[in-house]
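The data block below is model-v2.cif; it holds mmCIF, C-alpha atoms.
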```cif
data_protein
#
loop_
_atom_site.label_atom_id
_atom_site.label_comp_id
_atom_site.auth_asym_id
_atom_site.auth_seq_id
_atom_site.Cartn_x
_atom_site.Cartn_y
_atom_site.Cartn_z
CA MET S 1 16.14 0.94 9.67
CA ARG S 2 13.55 2.96 11.52
CA VAL S 3 9.94 1.83 11.85
CA VAL S 4 7.29 4.52 12.37
CA PRO S 5 3.79 3.56 13.55
CA THR S 6 0.76 5.14 11.89
CA GLU S 7 -2.65 6.00 13.34
CA LEU S 8 -3.79 2.45 12.51
CA PRO S 9 -2.44 -0.48 14.52
CA ASP S 10 -0.05 -2.68 12.56
CA VAL S 11 0.26 -0.33 9.53
CA LEU S 12 3.89 0.75 9.59
CA ILE S 13 6.17 3.14 7.73
CA VAL S 14 9.60 1.63 7.16
CA GLU S 15 12.48 4.07 6.73
CA PRO S 16 15.55 2.14 5.60
CA VAL S 17 19.11 3.34 6.06
CA VAL S 18 20.21 4.74 2.70
CA HIS S 19 23.95 4.91 2.10
CA ARG S 20 24.60 7.76 -0.37
CA ASP S 21 27.82 9.01 -1.90
CA ALA S 22 29.02 10.53 -5.19
CA ARG S 23 28.45 7.20 -6.96
CA GLY S 24 24.77 6.91 -5.99
CA PHE S 25 23.15 4.97 -3.16
CA PHE S 26 22.66 1.55 -1.61
CA LEU S 27 19.98 0.27 0.74
CA GLU S 28 18.48 -2.99 1.94
CA THR S 29 14.83 -2.98 0.90
CA TYR S 30 14.10 -6.13 2.88
CA HIS S 31 15.95 -8.05 5.60
CA ALA S 32 13.94 -10.91 7.12
CA GLU S 33 15.45 -10.71 10.63
CA ARG S 34 15.15 -6.94 10.95
CA PHE S 35 11.63 -6.87 9.58
CA ALA S 36 10.55 -9.70 11.90
CA LYS S 37 11.89 -7.76 14.90
CA ALA S 38 9.82 -4.79 13.70
CA GLY S 39 6.65 -6.91 13.57
CA ILE S 40 6.66 -7.80 9.86
CA ALA S 41 7.31 -11.53 10.01
CA ASP S 42 4.98 -12.93 7.34
CA PRO S 43 6.78 -14.69 4.49
CA PHE S 44 6.61 -12.98 1.10
CA VAL S 45 5.58 -15.17 -1.85
CA GLN S 46 5.03 -12.72 -4.72
CA ASP S 47 6.62 -9.48 -5.92
CA ASN S 48 4.69 -7.01 -8.10
CA HIS S 49 5.86 -4.05 -10.20
CA SER S 50 3.48 -1.35 -11.43
CA ARG S 51 3.91 1.81 -13.50
CA SER S 52 1.26 4.52 -13.69
CA GLU S 53 0.94 8.05 -15.05
CA LYS S 54 0.19 11.21 -13.06
CA GLY S 55 -3.34 11.25 -11.68
CA VAL S 56 -3.88 7.48 -11.85
CA LEU S 57 -5.62 6.08 -8.78
CA ARG S 58 -5.59 2.33 -8.17
CA GLY S 59 -7.70 0.73 -5.48
CA LEU S 60 -9.04 0.14 -2.98
CA HIS S 61 -8.30 -3.60 -3.15
CA ALA S 62 -7.88 -6.65 -0.90
CA GLN S 63 -8.48 -10.39 -0.96
CA LYS S 64 -11.03 -12.01 1.33
CA ARG S 65 -10.18 -15.72 1.80
CA ARG S 66 -6.46 -15.48 0.95
CA PRO S 67 -5.63 -11.99 2.25
CA GLN S 68 -2.36 -10.35 1.33
CA GLY S 69 -0.04 -8.28 3.43
CA LYS S 70 1.87 -5.82 1.21
CA LEU S 71 5.18 -4.05 1.61
CA VAL S 72 4.98 -1.12 -0.81
CA ARG S 73 7.68 1.24 -2.12
CA ALA S 74 8.02 3.76 -4.93
CA ILE S 75 11.12 3.10 -7.01
CA GLN S 76 10.47 6.03 -9.38
CA GLY S 77 8.32 9.09 -8.79
CA GLU S 78 5.92 9.78 -5.94
CA ILE S 79 2.66 8.21 -4.78
CA PHE S 80 0.16 8.72 -1.99
CA ASP S 81 -0.35 5.25 -0.53
CA VAL S 82 -3.43 4.37 1.54
CA ALA S 83 -4.49 1.56 3.87
CA VAL S 84 -8.07 1.13 5.15
CA ASP S 85 -8.85 -1.11 8.11
CA VAL S 86 -11.51 -3.70 7.21
CA ARG S 87 -10.80 -6.20 9.98
CA PRO S 88 -14.14 -7.35 11.43
CA GLY S 89 -14.43 -6.28 15.07
CA SER S 90 -11.51 -3.85 14.84
CA PRO S 91 -11.93 -0.62 16.84
CA THR S 92 -10.50 1.24 13.83
CA PHE S 93 -12.73 -0.48 11.24
CA GLY S 94 -13.30 1.81 8.24
CA ARG S 95 -10.53 4.23 9.21
CA TRP S 96 -7.71 5.03 6.82
CA THR S 97 -4.13 6.22 6.89
CA GLY S 98 -2.06 7.59 4.04
CA VAL S 99 1.59 8.33 3.46
CA THR S 100 3.65 9.76 0.63
CA LEU S 101 6.17 7.31 -0.76
CA ASP S 102 8.82 8.47 -3.20
CA ALA S 103 11.99 7.22 -4.83
CA GLU S 104 14.16 9.81 -3.08
CA SER S 105 13.25 8.90 0.52
CA CYS S 106 13.04 5.12 -0.15
CA ARG S 107 10.33 4.84 2.54
CA GLN S 108 8.04 1.82 2.46
CA LEU S 109 4.55 1.16 3.79
CA TRP S 110 3.59 -2.12 5.43
CA VAL S 111 -0.10 -2.83 4.74
CA PRO S 112 -0.96 -5.91 6.80
CA VAL S 113 -3.62 -8.52 6.20
CA GLY S 114 -7.08 -7.10 6.87
CA PHE S 115 -6.57 -3.77 5.13
CA LEU S 116 -7.68 -2.43 1.77
CA HIS S 117 -4.86 -0.89 -0.25
CA GLY S 118 -4.81 1.84 -2.86
CA PHE S 119 -2.59 4.61 -4.18
CA CYS S 120 -2.55 7.60 -6.49
CA VAL S 121 0.33 8.99 -8.53
CA MET S 122 1.41 12.54 -7.72
CA SER S 123 4.49 12.83 -9.99
CA GLU S 124 4.51 12.74 -13.80
CA TRP S 125 4.67 8.94 -13.48
CA ALA S 126 5.62 6.45 -10.82
CA GLU S 127 6.80 2.90 -10.56
CA ILE S 128 6.07 0.92 -7.43
CA GLU S 129 7.15 -2.48 -6.27
CA TYR S 130 5.43 -4.40 -3.56
CA LYS S 131 6.01 -7.69 -1.86
CA CYS S 132 2.92 -9.80 -1.04
CA THR S 133 2.38 -12.45 1.63
CA ALA S 134 -0.15 -14.41 -0.48
CA LEU S 135 -0.52 -15.08 -4.18
CA TYR S 136 -2.91 -12.94 -6.18
CA ASP S 137 -6.27 -14.63 -6.75
CA ARG S 138 -8.59 -12.75 -9.12
CA GLU S 139 -11.62 -14.74 -7.87
CA ASP S 140 -10.89 -13.75 -4.26
CA GLU S 141 -10.36 -10.03 -4.87
CA ILE S 142 -12.67 -7.51 -3.23
CA GLY S 143 -12.69 -3.78 -3.69
CA VAL S 144 -14.24 -0.62 -2.33
CA ALA S 145 -14.87 2.70 -4.06
CA TRP S 146 -11.93 5.08 -3.76
CA ASN S 147 -14.30 7.93 -2.86
CA ASP S 148 -16.59 6.14 -0.39
CA PRO S 149 -17.86 8.95 1.87
CA ASP S 150 -18.08 6.57 4.84
CA ILE S 151 -14.28 6.19 4.68
CA GLY S 152 -13.56 9.80 3.70
CA ILE S 153 -10.05 9.48 2.28
CA VAL S 154 -8.54 12.89 1.53
CA TRP S 155 -6.71 12.19 -1.73
CA PRO S 156 -4.11 14.77 -2.82
CA ILE S 157 -5.40 14.80 -6.42
CA THR S 158 -8.66 15.78 -8.06
CA ASN S 159 -10.34 14.02 -11.00
CA PRO S 160 -8.27 10.82 -10.78
CA ILE S 161 -7.83 8.45 -13.70
CA ILE S 162 -9.53 5.21 -12.67
CA SER S 163 -9.98 1.87 -14.42
CA PRO S 164 -13.53 0.84 -15.35
CA LYS S 165 -13.24 -1.98 -12.80
CA ASP S 166 -12.31 0.40 -9.98
CA ALA S 167 -14.96 2.94 -11.04
CA ALA S 168 -17.64 0.26 -10.51
CA LEU S 169 -16.53 -0.76 -7.01
CA PRO S 170 -19.19 -0.64 -4.26
CA ARG S 171 -19.10 1.19 -0.96
CA LEU S 172 -17.52 -0.41 2.12
CA ASN S 173 -20.85 -1.34 3.76
CA ALA S 174 -21.74 -3.49 0.75
CA VAL S 175 -18.47 -5.46 0.87
CA VAL S 176 -17.50 -6.12 4.49
CA THR S 177 -19.17 -5.89 7.88
CA ARG S 178 -17.88 -4.57 11.18
CA ALA S 179 -18.67 -7.77 13.11
#
```
Could you show the structure in this file as structure tokens?
Amino acid sequence: MRVVPTELPDVLIVEPVVHRDARGFFLETYHAERFAKAGIADPFVQDNHSRSEKGVLRGLHAQKRRPQGKLVRAIQGEIFDVAVDVRPGSPTFGRWTGVTLDAESCRQLWVPVGFLHGFCVMSEWAEIEYKCTALYDREDEIGVAWNDPDIGIVWPITNPIISPKDAALPRLNAVVTRA
């Protein structure tokens, strides 16, 4: 496996070794020892599976008191996956990074604790799976508007399909502070 750093400290792209032949392919999507050596040592306690149609944008989400690290991969289709640094005191607070994840490449994105997460679907539909380091807690969830101009994410789609909940999310400065 190859681990590629992004512009944001601790957000990592994981490129697993994919063994392909005429029958199909095989890969290890997670290996505790190898991931720990790469800096992803948190234990995973919940796996999620999501399917969305083209143009759907989900996010930006996090949890405040019980934050989740997420290891994200597309198992069908293609998504643009985004992490936004919201760690108080971080020199990269409010900055974002994005990467295309697709079923063909099998790449994964590690979104550590302290980052908002969101994605949009670029193919006709996409299914993603992600491992989480903490259980989901609806009462603890925070969110930030996908189009917050202070963050300035350059999404690869226009006119995204957004849930009513996500459409009502506030800007970053109303949710978390730098200090």
Pick out the residues sitting within 8 Å of region 73-79 of chain S, and hand them over as an mmCIF file with C-alpha atoms, in the frame of the given file; count only C-alpha atoms, and ignore anything fewer than 4 positions along from it in its own chain.
```cif
data_model
loop_
_atom_site.group_PDB
_atom_site.id
_atom_site.type_symbol
_atom_site.label_atom_id
_atom_site.label_comp_id
_atom_site.auth_asym_id
_atom_site.auth_seq_id
_atom_site.Cartn_x
_atom_site.Cartn_y
_atom_site.Cartn_z
ATOM 1 C CA THR S 100 3.650 9.760 0.630
ATOM 2 C CA LEU S 101 6.170 7.310 -0.760
ATOM 3 C CA ASP S 102 8.820 8.470 -3.200
ATOM 4 C CA ALA S 103 11.990 7.220 -4.830
ATOM 5 C CA CYS S 106 13.040 5.120 -0.150
ATOM 6 C CA ARG S 107 10.330 4.840 2.540
ATOM 7 C CA GLN S 108 8.040 1.820 2.460
ATOM 8 C CA LEU S 109 4.550 1.160 3.790
ATOM 9 C CA PHE S 119 -2.590 4.610 -4.180
ATOM 10 C CA CYS S 120 -2.550 7.600 -6.490
ATOM 11 C CA VAL S 121 0.330 8.990 -8.530
ATOM 12 C CA MET S 122 1.410 12.540 -7.720
ATOM 13 C CA SER S 123 4.490 12.830 -9.990
ATOM 14 C CA GLU S 124 4.510 12.740 -13.800
ATOM 15 C CA TRP S 125 4.670 8.940 -13.480
ATOM 16 C CA ALA S 126 5.620 6.450 -10.820
ATOM 17 C CA GLU S 127 6.800 2.900 -10.560
ATOM 18 C CA ILE S 128 6.070 0.920 -7.430
ATOM 19 C CA GLU S 129 7.150 -2.480 -6.270
ATOM 20 C CA TYR S 130 5.430 -4.400 -3.560
#
```
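Run against this file, the PyMOL selection byres ((chain S and resi 82-88) around 8) gives back Leu8, Val11, Phe80, Asp81, Gly89, Ser90, Thr92, Phe93, Gly94, Arg95, Trp96, Thr97, Gly98, Val99, Val111, Gly114, Phe115, Leu116, His117, Gly118, Phe119, Val176, Thr177, Arg178 and Ala179 of chain S.
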**Message:** Need the shell around Leu172 (chain S): protein/DNA/RNA residues with any atom at most 8 Å away, counting all atoms listed in the file. Skip same-chain ones fewer than 5 positions apart. Format as a list in words?
**Reply:**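 My reading of the contact set: Gly94, Val144, Ala145, Asp148, Asp150 and Ile151 of chain S.
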**Item:** Residues near Val14 (chain S), cut-off 10 Å, all atoms listed in the file, skip fewer than 5 positions along chain, as a list in words
**Value:**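 The neighbour list is Met1, Arg2, Val3, Val4, Pro5, Thr29, Tyr30, Phe35, Ala38, Leu71, Val72, Arg73, Cys106, Arg107, Gln108, Leu109 and Trp110 of chain S.
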**Message:** Please report the interatomic distance between CA of Asn147 (chain S) and CA of Ser52 (chain S) in Å with one decimal.
**Reply:**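 Computing it gives 19.3 Å between the two atoms.
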**Request:** Within 6 Å of Gly69 (chain S), counting all atoms listed in the file, which residues show up once you throw out same-chain ones fewer than 2 positions away? Write them as a ChimeraX atom specification, please.
**Result:** /S:111-113,132-133
Dump of C-alpha atoms for the selected residues, as a PDB file, in the frame of the given file:
```
ATOM      1  CA  VAL S 111      -0.100  -2.830   4.740  1.00  0.00           C
ATOM      2  CA  PRO S 112      -0.960  -5.910   6.800  1.00  0.00           C
ATOM      3  CA  VAL S 113      -3.620  -8.520   6.200  1.00  0.00           C
ATOM      4  CA  CYS S 132       2.920  -9.800  -1.040  1.00  0.00           C
ATOM      5  CA  THR S 133       2.380 -12.450   1.630  1.00  0.00           C
TER       6      THR S 133
END
```
